[in-house]
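S.K.: For reference, the file final.cif (mmCIF, C-alpha atoms and all ligand atoms) is included below:
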data_my_file
loop_
_atom_site.label_atom_id
_atom_site.label_comp_id
_atom_site.auth_asym_id
_atom_site.auth_seq_id
_atom_site.Cartn_x
_atom_site.Cartn_y
_atom_site.Cartn_z
CA MET W 12 123.73 11.29 -14.46
CA GLU W 13 127.15 9.70 -14.29
CA VAL W 14 127.01 7.08 -11.53
CA THR W 15 130.05 4.96 -12.25
CA GLY W 16 132.21 6.84 -9.79
CA LEU W 17 129.67 6.31 -7.01
CA LEU W 18 129.36 2.54 -7.34
CA GLN W 19 130.27 0.83 -4.10
CA ALA W 20 131.74 -2.56 -4.84
CA SER W 21 130.61 -4.05 -1.56
CA PHE W 22 126.96 -3.09 -2.10
CA CYS W 23 126.54 -3.87 -5.80
CA SER W 24 126.33 -7.19 -7.52
CA PRO W 25 129.52 -7.34 -9.59
CA VAL W 26 127.56 -7.36 -12.85
CA VAL W 27 126.25 -3.82 -12.18
CA GLY W 28 129.69 -2.36 -12.73
CA ARG W 29 129.95 -4.14 -16.07
CA LEU W 30 126.58 -2.99 -17.46
CA VAL W 31 126.59 -0.55 -20.37
CA PRO W 32 123.15 1.11 -20.14
CA TYR W 33 121.24 2.50 -23.11
CA VAL W 34 121.26 6.28 -23.51
CA PRO W 35 117.91 7.58 -24.81
CA GLY W 36 117.52 10.78 -26.85
CA GLU W 37 117.55 13.71 -24.45
CA GLN W 38 114.30 15.10 -23.04
CA PRO W 39 115.30 18.65 -22.12
CA LYS W 40 112.95 20.79 -20.08
CA ILE W 41 113.16 23.76 -22.39
CA ASP W 42 110.09 25.32 -23.99
CA LYS W 43 109.66 25.83 -27.71
CA LEU W 44 112.27 23.32 -28.76
CA VAL W 45 111.84 21.70 -32.14
CA LYS W 46 112.31 18.21 -30.82
CA LEU W 47 113.30 15.88 -33.64
CA ASN W 48 115.69 13.61 -31.71
CA ALA W 49 113.64 10.72 -30.31
CA ASN W 50 111.34 9.64 -33.16
CA GLU W 51 108.27 10.58 -31.18
CA ASN W 52 105.12 11.28 -33.18
CA PRO W 53 104.66 15.03 -33.72
CA TYR W 54 100.89 14.65 -33.39
CA PRO W 55 99.07 14.08 -30.10
CA PRO W 56 97.22 10.80 -29.54
CA SER W 57 93.65 10.36 -30.73
CA PRO W 58 91.10 12.36 -28.67
CA ARG W 59 89.39 9.02 -28.05
CA VAL W 60 92.52 7.80 -26.27
CA ILE W 61 92.50 10.83 -23.96
CA ALA W 62 88.79 10.33 -23.22
CA ALA W 63 89.32 6.63 -22.45
CA ILE W 64 92.20 7.40 -20.08
CA GLN W 65 90.14 10.05 -18.29
CA MET W 66 87.31 7.60 -17.90
CA ALA W 67 89.64 4.87 -16.61
CA ALA W 68 91.15 7.33 -14.12
CA GLN W 69 87.73 7.84 -12.61
CA GLN W 70 86.97 4.24 -11.89
CA GLY W 71 88.92 1.48 -10.21
CA LEU W 72 92.44 2.84 -9.77
CA GLN W 73 92.42 1.40 -6.25
CA LEU W 74 92.31 -2.05 -7.86
CA TYR W 75 95.12 -3.89 -9.64
CA PRO W 76 94.77 -3.99 -13.42
CA ASP W 77 93.98 -7.14 -15.40
CA PRO W 78 97.34 -9.01 -15.35
CA GLU W 79 96.59 -10.41 -18.81
CA SER W 80 95.49 -7.04 -20.31
CA THR W 81 92.76 -9.09 -21.96
CA ALA W 82 90.88 -6.22 -23.59
CA LEU W 83 94.00 -4.84 -25.26
CA ARG W 84 95.23 -8.27 -26.33
CA HIS W 85 91.93 -8.81 -28.10
CA ALA W 86 92.03 -5.39 -29.76
CA ILE W 87 95.57 -6.01 -31.04
CA ALA W 88 94.80 -9.57 -32.15
CA ALA W 89 91.76 -8.36 -34.09
CA HIS W 90 93.77 -5.57 -35.75
CA HIS W 91 96.40 -8.02 -36.97
CA GLY W 92 94.09 -10.92 -37.82
CA LEU W 93 95.47 -13.11 -35.03
CA ALA W 94 94.03 -14.79 -31.94
CA ALA W 95 94.59 -13.44 -28.41
CA PRO W 96 97.05 -16.25 -27.45
CA HIS W 97 99.35 -14.90 -30.17
CA VAL W 98 99.81 -11.54 -28.44
CA PHE W 99 102.11 -10.61 -25.56
CA LEU W 100 102.03 -7.15 -23.95
CA GLY W 101 104.67 -5.20 -22.10
CA ASN W 102 105.50 -1.83 -20.58
CA GLY W 103 106.81 -0.42 -23.85
CA SER W 104 108.42 -2.62 -26.46
CA ASP W 105 111.75 -2.15 -24.71
CA GLU W 106 110.40 -4.32 -21.91
CA VAL W 107 108.99 -6.82 -24.40
CA LEU W 108 112.45 -7.01 -26.01
CA ALA W 109 114.11 -7.50 -22.63
CA HIS W 110 111.84 -10.47 -21.87
CA ALA W 111 112.32 -11.89 -25.37
CA PHE W 112 116.11 -11.75 -25.07
CA PHE W 113 115.85 -13.54 -21.72
CA ALA W 114 113.41 -16.15 -23.04
CA PHE W 115 114.98 -16.96 -26.41
CA PHE W 116 118.60 -15.95 -26.75
CA GLN W 117 120.44 -17.35 -23.72
CA HIS W 118 121.99 -20.40 -25.38
CA GLY W 119 125.66 -19.63 -24.73
CA CYS W 120 126.31 -18.94 -28.42
CA PRO W 121 126.20 -15.68 -30.36
CA LEU W 122 123.09 -13.72 -31.26
CA LEU W 123 123.29 -12.35 -34.80
CA MET W 124 122.35 -8.71 -35.40
CA PRO W 125 123.31 -5.95 -37.85
CA ASP W 126 126.36 -3.86 -36.91
CA ILE W 127 124.20 -0.77 -37.30
CA SER W 128 120.89 -1.24 -35.51
CA TYR W 129 118.87 -0.30 -32.43
CA SER W 130 121.57 0.05 -29.78
CA PHE W 131 119.40 -1.36 -27.00
CA TYR W 132 119.91 -4.89 -28.41
CA LYS W 133 123.51 -4.92 -27.30
CA VAL W 134 122.53 -3.55 -23.91
CA TYR W 135 120.24 -6.53 -23.26
CA CYS W 136 123.01 -8.86 -24.37
CA GLY W 137 125.25 -7.24 -21.74
CA LEU W 138 122.54 -7.61 -19.10
CA TYR W 139 122.07 -11.33 -19.79
CA ASP W 140 125.62 -12.14 -20.88
CA ILE W 141 124.57 -13.10 -24.40
CA PRO W 142 127.50 -13.10 -26.87
CA VAL W 143 126.90 -10.82 -29.87
CA GLU W 144 127.93 -11.37 -33.46
CA GLN W 145 127.53 -8.21 -35.49
CA VAL W 146 126.83 -8.72 -39.17
CA PRO W 147 127.86 -5.67 -41.23
CA LEU W 148 125.30 -3.85 -43.33
CA THR W 149 126.39 -3.36 -46.92
CA LEU W 150 128.17 -0.14 -47.92
CA ASP W 151 124.82 1.41 -48.85
CA MET W 152 123.44 0.46 -45.41
CA ARG W 153 121.29 -2.44 -46.57
CA LEU W 154 120.86 -5.73 -44.79
CA ASP W 155 122.40 -8.61 -46.75
CA VAL W 156 120.49 -11.74 -45.72
CA SER W 157 123.10 -14.10 -47.13
CA ALA W 158 125.57 -12.79 -44.54
CA TYR W 159 123.37 -14.42 -41.85
CA ALA W 160 123.92 -17.95 -43.17
CA ARG W 161 126.13 -20.15 -40.97
CA GLY W 162 127.74 -23.53 -41.63
CA GLU W 163 126.41 -26.84 -40.30
CA GLY W 164 128.46 -26.93 -37.12
CA ALA W 165 128.04 -23.27 -36.12
CA SER W 166 125.59 -22.54 -33.32
CA VAL W 167 123.76 -19.26 -33.10
CA ALA W 168 121.34 -18.14 -30.38
CA GLY W 169 119.02 -16.46 -32.85
CA VAL W 170 118.68 -13.34 -34.97
CA VAL W 171 117.39 -9.89 -34.09
CA ILE W 172 116.73 -7.15 -36.63
CA ALA W 173 114.74 -3.94 -36.74
CA ASN W 174 112.63 -3.60 -39.88
CA PRO W 175 112.64 -0.83 -40.99
CA ASN W 176 116.07 -0.60 -39.46
CA ALA W 177 117.02 1.99 -36.85
CA PRO W 178 118.69 4.42 -37.14
CA THR W 179 118.87 4.09 -40.93
CA GLY W 180 115.15 3.89 -41.76
CA VAL W 181 115.92 1.37 -44.51
CA GLY W 182 113.35 -1.42 -44.92
CA LEU W 183 113.88 -5.09 -45.72
CA PRO W 184 111.40 -6.71 -48.17
CA LEU W 185 109.25 -9.46 -46.69
CA GLN W 186 110.72 -12.10 -48.95
CA GLN W 187 114.13 -11.48 -47.39
CA VAL W 188 112.72 -11.63 -43.87
CA GLU W 189 111.36 -15.01 -44.88
CA GLN W 190 114.83 -16.09 -46.04
CA LEU W 191 116.17 -15.22 -42.58
CA LEU W 192 113.47 -17.37 -40.99
CA LYS W 193 114.45 -20.27 -43.23
CA LEU W 194 118.17 -19.88 -42.48
CA HIS W 195 117.63 -20.45 -38.74
CA PRO W 196 114.53 -22.62 -38.34
CA LYS W 197 115.58 -23.88 -34.90
CA ARG W 198 116.09 -20.41 -33.42
CA VAL W 199 113.92 -17.37 -32.88
CA VAL W 200 114.18 -14.61 -35.45
CA LEU W 201 112.98 -11.44 -33.72
CA VAL W 202 111.76 -8.72 -36.08
CA ASP W 203 111.35 -5.37 -34.30
CA GLU W 204 108.79 -3.43 -36.33
CA ALA W 205 108.69 -0.24 -34.25
CA TYR W 206 108.43 1.85 -37.45
CA VAL W 207 106.59 -0.48 -39.81
CA ASP W 208 103.39 1.60 -39.91
CA PHE W 209 105.26 4.35 -41.77
CA GLY W 210 105.64 2.31 -44.93
CA GLY W 211 107.44 -0.95 -44.11
CA ASP W 212 106.47 -4.53 -44.91
CA SER W 213 105.16 -6.28 -41.80
CA ALA W 214 106.04 -9.91 -41.13
CA MET W 215 102.76 -10.46 -39.23
CA PRO W 216 101.30 -12.50 -42.15
CA LEU W 217 104.20 -14.99 -41.80
CA ILE W 218 103.43 -15.89 -38.17
CA ALA W 219 101.08 -18.80 -38.99
CA GLN W 220 103.77 -20.39 -41.16
CA TYR W 221 106.89 -19.85 -39.04
CA PRO W 222 107.11 -21.15 -35.45
CA ASN W 223 110.41 -19.24 -35.03
CA LEU W 224 109.08 -15.76 -35.85
CA LEU W 225 108.48 -13.13 -33.17
CA VAL W 226 107.28 -9.70 -34.35
CA VAL W 227 107.57 -6.79 -31.90
CA HIS W 228 105.54 -3.57 -32.17
CA THR W 229 105.11 -0.42 -30.10
CA LEU W 230 102.38 2.17 -29.60
CA SER W 231 105.10 4.79 -29.03
CA LYS W 232 105.67 5.84 -32.62
CA SER W 233 102.75 5.39 -35.03
CA ARG W 234 100.10 5.64 -32.27
CA SER W 235 101.59 8.75 -30.64
CA LEU W 236 101.75 7.07 -27.22
CA ALA W 237 105.43 7.11 -26.20
CA GLY W 238 104.35 8.50 -22.81
CA LEU W 239 101.92 5.64 -22.09
CA ARG W 240 104.48 2.79 -22.44
CA VAL W 241 102.76 0.03 -24.41
CA GLY W 242 104.51 -2.48 -26.63
CA PHE W 243 103.65 -5.97 -27.79
CA ALA W 244 104.97 -9.09 -29.46
CA CYS W 245 103.11 -11.42 -31.80
CA GLY W 246 104.05 -15.00 -32.56
CA GLN W 247 102.81 -18.55 -32.31
CA ALA W 248 101.31 -19.54 -28.95
CA HIS W 249 104.38 -21.47 -27.76
CA LEU W 250 106.57 -18.33 -28.02
CA ILE W 251 103.96 -16.19 -26.28
CA GLU W 252 103.71 -18.73 -23.47
CA ALA W 253 107.48 -18.56 -22.95
CA LEU W 254 107.27 -14.76 -22.72
CA GLU W 255 104.41 -15.04 -20.21
CA ARG W 256 106.54 -17.27 -18.00
CA VAL W 257 109.31 -14.69 -17.97
CA LYS W 258 106.95 -11.77 -17.42
CA ASN W 259 105.19 -13.54 -14.56
CA SER W 260 108.56 -14.14 -12.95
CA PHE W 261 109.26 -10.40 -13.11
CA ASN W 262 106.11 -8.24 -12.86
CA SER W 263 102.51 -9.45 -13.03
CA TYR W 264 101.15 -6.01 -13.93
CA PRO W 265 103.34 -4.33 -16.55
CA LEU W 266 100.38 -2.42 -18.00
CA ASP W 267 98.37 -0.21 -15.70
CA ARG W 268 94.67 0.51 -16.07
CA LEU W 269 95.24 3.77 -17.95
CA ALA W 270 97.56 2.12 -20.45
CA ILE W 271 95.13 -0.70 -21.14
CA ALA W 272 92.21 1.70 -21.64
CA GLY W 273 94.22 4.11 -23.80
CA GLY W 274 95.68 1.29 -25.86
CA VAL W 275 92.26 -0.19 -26.63
CA ALA W 276 90.97 3.24 -27.68
CA ALA W 277 93.99 3.75 -29.94
CA PHE W 278 93.09 0.61 -31.89
CA GLU W 279 89.45 1.70 -32.05
CA ASP W 280 90.30 4.96 -33.82
CA GLN W 281 91.60 3.57 -37.09
CA ALA W 282 90.74 6.77 -38.97
CA TYR W 283 92.97 8.90 -36.75
CA PHE W 284 95.80 6.39 -37.06
CA GLU W 285 95.57 6.47 -40.86
CA GLN W 286 95.39 10.26 -40.97
CA THR W 287 98.41 10.88 -38.74
CA ARG W 288 100.66 8.23 -40.21
CA ARG W 289 99.88 9.49 -43.71
CA ALA W 290 100.66 13.04 -42.62
CA VAL W 291 104.05 11.89 -41.29
CA MET W 292 104.84 9.96 -44.48
CA SER W 293 103.92 12.87 -46.67
CA SER W 294 106.05 15.30 -44.61
CA ARG W 295 108.91 12.81 -44.89
CA GLU W 296 108.89 12.92 -48.68
CA GLY W 297 108.92 16.72 -48.67
CA LEU W 298 111.69 16.83 -46.08
CA ILE W 299 113.89 14.44 -48.05
CA LEU W 300 113.68 16.63 -51.16
CA ALA W 301 114.40 19.79 -49.15
CA LEU W 302 117.40 18.17 -47.42
CA GLU W 303 118.75 17.06 -50.78
CA ASP W 304 118.41 20.66 -51.98
CA LEU W 305 120.64 21.65 -49.05
CA GLY W 306 123.24 19.14 -50.24
CA PHE W 307 122.45 16.22 -47.89
CA LYS W 308 122.60 12.59 -48.96
CA VAL W 309 119.51 10.95 -47.47
CA LEU W 310 118.99 7.20 -47.14
CA PRO W 311 115.64 5.89 -48.40
CA SER W 312 113.33 5.85 -45.36
CA GLN W 313 110.28 3.78 -44.51
CA ALA W 314 110.21 5.20 -40.98
CA ASN W 315 109.18 8.40 -39.19
CA PHE W 316 112.72 9.74 -39.44
CA VAL W 317 115.42 10.21 -42.03
CA PHE W 318 119.12 9.41 -41.82
CA ALA W 319 121.17 12.00 -43.66
CA ARG W 320 124.73 13.12 -44.09
CA HIS W 321 126.30 16.19 -45.62
CA PRO W 322 129.36 15.41 -47.76
CA GLN W 323 131.12 18.65 -46.77
CA GLN W 324 130.03 19.40 -43.21
CA ASP W 325 130.67 17.50 -40.00
CA ALA W 326 127.52 15.93 -38.55
CA ALA W 327 128.43 16.53 -34.90
CA ALA W 328 129.09 20.22 -35.66
CA ILE W 329 125.75 20.57 -37.45
CA ALA W 330 123.89 18.89 -34.57
CA ALA W 331 125.59 21.11 -31.98
CA ASP W 332 124.84 24.27 -33.97
CA LEU W 333 121.22 23.24 -34.51
CA ARG W 334 120.88 22.75 -30.77
CA THR W 335 121.91 26.35 -30.09
CA ARG W 336 119.10 27.34 -32.46
CA GLY W 337 116.56 25.28 -30.50
CA VAL W 338 116.41 22.32 -32.88
CA LEU W 339 117.27 18.86 -31.55
CA VAL W 340 118.31 16.02 -33.84
CA ARG W 341 120.14 12.80 -32.96
CA HIS W 342 123.80 12.19 -33.66
CA PHE W 343 125.49 8.85 -32.88
CA LYS W 344 129.19 8.91 -32.16
CA GLN W 345 129.68 5.48 -33.58
CA PRO W 346 131.86 4.00 -36.33
CA ARG W 347 130.32 4.03 -39.84
CA ILE W 348 127.53 6.46 -38.91
CA GLU W 349 129.29 9.32 -37.18
CA GLN W 350 128.74 11.55 -40.23
CA TYR W 351 124.98 10.97 -40.20
CA LEU W 352 122.17 12.82 -38.47
CA ARG W 353 118.95 11.08 -37.55
CA ILE W 354 116.10 13.53 -37.92
CA SER W 355 112.58 12.65 -36.76
CA ILE W 356 109.72 13.79 -38.98
CA GLY W 357 107.92 16.70 -37.33
CA THR W 358 104.77 18.60 -38.23
CA PRO W 359 105.06 20.65 -41.44
CA ALA W 360 105.81 23.71 -39.27
CA GLN W 361 108.58 21.87 -37.40
CA CYS W 362 110.08 20.63 -40.66
CA ASP W 363 110.13 24.24 -41.89
CA GLU W 364 111.85 25.42 -38.72
CA LEU W 365 114.43 22.66 -39.06
CA LEU W 366 115.13 23.56 -42.69
CA HIS W 367 115.36 27.24 -41.88
CA ALA W 368 117.84 26.55 -39.05
CA LEU W 369 119.83 24.14 -41.23
CA GLY W 370 120.08 26.78 -43.94
CA SER W 371 121.62 29.20 -41.44
CA VAL W 372 123.93 26.55 -39.97
CA LEU W 373 125.26 25.53 -43.37
CA SER W 374 125.86 29.09 -44.56
CA GLY W 375 127.69 29.75 -41.27
CA LEU W 376 129.92 26.69 -41.70
CA ALA W 377 130.57 27.21 -45.41
C1 LIG Q 1 111.46 3.35 -30.24
C2 LIG Q 1 111.95 1.95 -30.44
C3 LIG Q 1 111.66 0.94 -29.54
C4 LIG Q 1 111.11 1.22 -28.17
O1 LIG Q 1 109.81 1.47 -28.12
P1 LIG Q 1 109.06 1.62 -26.73
O2 LIG Q 1 107.81 0.86 -26.99
O3 LIG Q 1 108.83 3.08 -26.56
O4 LIG Q 1 109.86 1.02 -25.62
C5 LIG Q 1 112.03 -0.36 -29.85
N1 LIG Q 1 112.70 -0.64 -30.97
C6 LIG Q 1 113.04 0.31 -31.85
C7 LIG Q 1 113.79 -0.06 -33.07
C8 LIG Q 1 112.68 1.63 -31.60
O5 LIG Q 1 113.07 2.59 -32.42
#
Any chance you could give the structure as structure tokens?
M.R.:
Amino acid sequence: MEVTGLLQASFCSPVVGRLVPYVPGEQPKIDKLVKLNANENPYPPSPRVIAAIQMAAQQGLQLYPDPESTALRHAIAAHHGLAAPHVFLGNGSDEVLAHAFFAFFQHGCPLLMPDISYSFYKVYCGLYDIPVEQVPLTLDMRLDVSAYARGEGASVAGVVIANPNAPTGVGLPLQQVEQLLKLHPKRVVLVDEAYVDFGGDSAMPLIAQYPNLLVVHTLSKSRSLAGLRVGFACGQAHLIEALERVKNSFNSYPLDRLAIAGGVAAFEDQAYFEQTRRAVMSSREGLILALEDLGFKVLPSQANFVFARHPQQDAAAIAADLRTRGVLVRHFKQPRIEQYLRISIGTPAQCDELLHALGSVLSGLA
């Protein structure tokens, strides 16, 4: 909904008119769509998650949830070989990111981030008035760590990256993440690992060694729980304490009872997690080959999506045509990437439908 025209200057805080909100992938209410535009998992959550949520719904909803989400913190800490004071939970990782930007990046100097990355980062900077310094990815869409070095006198507020990056899917080796941490030892380096379970290198093992590392994860992608809204950050206890102060100045209960119960069950069903993430990764490899057969150039992906362009056909035209055929993919009207399509990995049947539709689109445009 376009609200700008309705803003009443006398009612709104002036900053509201200056905000540039994030625009999520559309969630149309049309049946039978092949929905490959929001990087959701094509598989439902583990049956154990559903059972745990049903159970939680039957007992205690009249009571507030545990403000510390203790059970889920312990489950996550155990999964990652950390202690509970190293885990911070939020209502989706977007909320965790919002609190982290508030807690760590308001120093009055620029926050470094790639020019092509998760577009919500810039939105938070607008919300909190954090200056942004965009560091260009290389021509082949890789992150060049040396471009994040700054001279003695230069102040930066910190660094934020997504690894694997969004919307490219390209991963950064752990050694290079470590170089970033060493370049800015006095500032937080936030590594958003929303897609890491699909083949990336996680920085979790570096937490003990680096007091400036914050790693952010979500249950929305690899745990099939985008609808439940659970995200978390891991880091040394002093960073987690700062996040707790912000959270407890905002909302004591970001996770409800159903989310806590479902989240714990998700970490208990390791077998299901392995099975579904492997299915997605294997579909990805098949999809990349099939897209290349159709003439697409596809970036190497360690995520549950691919980023592809067709050297002859316009990406916006392909996306629009696919939509009329009931297939949704994501197109960003943004410099450097406007000729790319971001395509989430579906089930094998959805991948087939996409390829079939793409075949028709391309022969129509040719
Ligand atoms: C999907 C995504 C998120 C948001 O995840 P939620 O937990 O659903 O809020 C954060 N960062 C990146 C890079 C993402 O792609």
S.K.: To one decimal place in Å, what is the distance between atom CA of His195 of chain W and atom CA of His110 of chain W?
M.R.: 20.4 Å
S.K.: Collect all residues with atoms no farther than 7 Å from ligand LIG 1 (chain Q), counting only C-alpha atoms and all ligand atoms, and output them as a list in words.
M.R.: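 Residues satisfying the distance criterion: Asn50, Gly103, Ser104, Asp105, Glu106, Tyr129, Ala173, Asn176, Ala177, Asp203, Glu204, Ala205, Tyr206, Thr229, Leu230, Ser231, Lys232, Ala237, Arg240, Val241 and Gly242 of chain W.
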S.K.: Quick check, in Å to one decimal: how far apart do atom CA of Ser374 of chain W and atom CA of Ser294 of chain W lie?
M.R.: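 Taking atom CA of Ser374 of chain W and atom CA of Ser294 of chain W, their separation equals 24.1 Å.
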S.K.: Taking all atoms listed in the file into account, which of W:Ala88, W:Ala109, W:Leu269, W:Ala168 comes nearest Leu122 of chain W?
M.R.: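 Among the listed residues, W:Ala168 lies closest to Leu122 of chain W.
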S.K.: Set the distance at 10 Å and use all atoms listed in the file: which residues neighbour segment 304-320 of chain W once local chain neighbours fewer than 6 positions away are removed? I'd like the list as a PyMOL selection string.
M.R.: chain W and resi 47-53+151-153+174-183+204-212+232-233+288+291-292+294-296+298+326+341-342+348-357+366+369-370+373
S.K.: Quick one, how far is atom CA of Tyr159 of chain W from atom CA of Leu185 of chain W?
M.R.: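 Atom-to-atom, atom CA of Tyr159 of chain W and atom CA of Leu185 of chain W are spaced 15.7 Å apart.
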S.K.: Nearest to Met215 of chain W: which of W:Gly92, W:Gly337, W:Gly162, W:Pro196 is it, counting all atoms listed in the file?
M.R.: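 Smallest distance to Met215 of chain W is found for W:Gly92.
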S.K.: Name all residues at most 9 Å from Ala368 of chain W (count only C-alpha atoms; drop same-chain ones fewer than 4 positions away) and give them as a PDB file with C-alpha atoms, in the coordinates of the input.
M.R.:
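Below you can see out-v4.pdb, which holds the result:
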ATOM      1  CA  ASP W 332     124.840  24.270 -33.970  1.00  0.00           C
ATOM      2  CA  LEU W 333     121.220  23.240 -34.510  1.00  0.00           C
ATOM      3  CA  ARG W 336     119.100  27.340 -32.460  1.00  0.00           C
ATOM      4  CA  GLY W 337     116.560  25.280 -30.500  1.00  0.00           C
ATOM      5  CA  VAL W 338     116.410  22.320 -32.880  1.00  0.00           C
ATOM      6  CA  ASP W 363     110.130  24.240 -41.890  1.00  0.00           C
ATOM      7  CA  GLU W 364     111.850  25.420 -38.720  1.00  0.00           C
ATOM      8  CA  VAL W 372     123.930  26.550 -39.970  1.00  0.00           C
ATOM      9  CA  LEU W 373     125.260  25.530 -43.370  1.00  0.00           C
TER      10      LEU W 373
END
S.K.: Can you tell me, as a PyMOL selection string, what residues are no more than 8 Å from Pro96 of chain W when counting all atoms listed in the file, ignoring any on the same chain fewer than 3 positions away?
M.R.: chain W and resi 99+247-248+251
S.K.: Compute the distance from (86.2, 10.4, -26.1) to each atom, counting only C-alpha atoms, keep the residues with any atom at most 12 Å away, and return them as an MDAnalysis selection string; use the coordinates of the file.
M.R.: chainID W and resid 56:67 272:273 276:277 279:280
S.K.: Quick one: residues within 9 Å of Ala111 of chain W, all atoms listed in the file, excluding same-chain residues fewer than 5 positions away - as a list in words?
M.R.: Glu106, Phe116, Leu201, Leu225, Ala244, Ala253, Leu254 and Val257 of chain W
S.K.: Give me the residues near Tyr139 of chain W as an mmCIF file with C-alpha atoms, keeping the file's coordinate frame, where near means some atom within 8 Å (using only C-alpha atoms) and where sequence neighbours in that chain fewer than 5 positions away do not count.
M.R.:
data_model
loop_
_atom_site.group_PDB
_atom_site.id
_atom_site.type_symbol
_atom_site.label_atom_id
_atom_site.label_comp_id
_atom_site.auth_asym_id
_atom_site.auth_seq_id
_atom_site.Cartn_x
_atom_site.Cartn_y
_atom_site.Cartn_z
ATOM 1 C CA PHE W 112 116.110 -11.750 -25.070
ATOM 2 C CA PHE W 113 115.850 -13.540 -21.720
ATOM 3 C CA GLN W 117 120.440 -17.350 -23.720
#
S.K.: Please check which residues have atoms at most 12 Å from (131.0, -15.3, -22.9) in the file's coordinates, counting only C-alpha atoms, and write them as an MDAnalysis selection string.
M.R.: chainID W and resid 117:122 136:137 139:144
S.K.: Just checking: using all atoms listed in the file, which residue out of W:Ala114, W:Gln190, W:Arg334, W:Ala160 ends up closest to Pro39 of chain W?
M.R.: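 For Pro39 of chain W, the nearest of the given residues is W:Arg334.
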S.K.: Which residue gives the smallest distance to Ser235 of chain W among W:Tyr75, W:Tyr283, W:Phe343, W:Phe22, with only C-alpha atoms counted?
M.R.: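 Once distances to Ser235 of chain W are computed over only C-alpha atoms, the minimum belongs to W:Tyr283.
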S.K.: For the structure just given, write the atoms of segment 274-285 of chain W, namely N, CA, C and O atoms, as a PDB file, in the first residue's frame.
M.R.:
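Listing of decode.pdb after writing:
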ATOM      1  N   GLY W 274      10.430 -23.915  17.878  1.00  0.00           N
ATOM      2  CA  GLY W 274      11.868 -23.750  17.652  1.00  0.00           C
ATOM      3  C   GLY W 274      12.666 -24.862  18.319  1.00  0.00           C
ATOM      4  O   GLY W 274      13.579 -25.445  17.715  1.00  0.00           O
ATOM      5  N   VAL W 275      12.316 -25.177  19.566  1.00  0.00           N
ATOM      6  CA  VAL W 275      13.025 -26.261  20.272  1.00  0.00           C
ATOM      7  C   VAL W 275      12.870 -27.568  19.502  1.00  0.00           C
ATOM      8  O   VAL W 275      13.846 -28.300  19.256  1.00  0.00           O
ATOM      9  N   ALA W 276      11.641 -27.851  19.045  1.00  0.00           N
ATOM     10  CA  ALA W 276      11.401 -29.109  18.321  1.00  0.00           C
ATOM     11  C   ALA W 276      12.196 -29.149  17.015  1.00  0.00           C
ATOM     12  O   ALA W 276      12.678 -30.200  16.598  1.00  0.00           O
ATOM     13  N   ALA W 277      12.347 -27.989  16.374  1.00  0.00           N
ATOM     14  CA  ALA W 277      13.100 -27.953  15.112  1.00  0.00           C
ATOM     15  C   ALA W 277      14.546 -28.392  15.349  1.00  0.00           C
ATOM     16  O   ALA W 277      15.123 -29.121  14.538  1.00  0.00           O
ATOM     17  N   PHE W 278      15.127 -27.962  16.470  1.00  0.00           N
ATOM     18  CA  PHE W 278      16.512 -28.352  16.738  1.00  0.00           C
ATOM     19  C   PHE W 278      16.603 -29.793  17.243  1.00  0.00           C
ATOM     20  O   PHE W 278      17.681 -30.390  17.222  1.00  0.00           O
ATOM     21  N   GLU W 279      15.463 -30.349  17.688  1.00  0.00           N
ATOM     22  CA  GLU W 279      15.497 -31.748  18.125  1.00  0.00           C
ATOM     23  C   GLU W 279      15.438 -32.709  16.946  1.00  0.00           C
ATOM     24  O   GLU W 279      15.832 -33.859  17.053  1.00  0.00           O
ATOM     25  N   ASP W 280      14.911 -32.245  15.811  1.00  0.00           N
ATOM     26  CA  ASP W 280      14.773 -33.149  14.659  1.00  0.00           C
ATOM     27  C   ASP W 280      15.892 -32.897  13.652  1.00  0.00           C
ATOM     28  O   ASP W 280      15.686 -32.390  12.551  1.00  0.00           O
ATOM     29  N   GLN W 281      17.091 -33.297  14.051  1.00  0.00           N
ATOM     30  CA  GLN W 281      18.271 -33.092  13.224  1.00  0.00           C
ATOM     31  C   GLN W 281      18.167 -33.872  11.905  1.00  0.00           C
ATOM     32  O   GLN W 281      18.598 -33.395  10.852  1.00  0.00           O
ATOM     33  N   ALA W 282      17.556 -35.054  11.961  1.00  0.00           N
ATOM     34  CA  ALA W 282      17.475 -35.896  10.759  1.00  0.00           C
ATOM     35  C   ALA W 282      16.648 -35.203   9.677  1.00  0.00           C
ATOM     36  O   ALA W 282      17.014 -35.200   8.497  1.00  0.00           O
ATOM     37  N   TYR W 283      15.545 -34.588  10.092  1.00  0.00           N
ATOM     38  CA  TYR W 283      14.675 -33.913   9.118  1.00  0.00           C
ATOM     39  C   TYR W 283      15.395 -32.710   8.509  1.00  0.00           C
ATOM     40  O   TYR W 283      15.324 -32.459   7.312  1.00  0.00           O
ATOM     41  N   PHE W 284      16.104 -31.990   9.360  1.00  0.00           N
ATOM     42  CA  PHE W 284      16.871 -30.831   8.917  1.00  0.00           C
ATOM     43  C   PHE W 284      17.892 -31.250   7.855  1.00  0.00           C
ATOM     44  O   PHE W 284      17.999 -30.637   6.780  1.00  0.00           O
ATOM     45  N   GLU W 285      18.620 -32.329   8.137  1.00  0.00           N
ATOM     46  CA  GLU W 285      19.632 -32.807   7.181  1.00  0.00           C
ATOM     47  C   GLU W 285      18.975 -33.225   5.869  1.00  0.00           C
ATOM     48  O   GLU W 285      19.453 -32.888   4.779  1.00  0.00           O
TER      49      GLU W 285
END
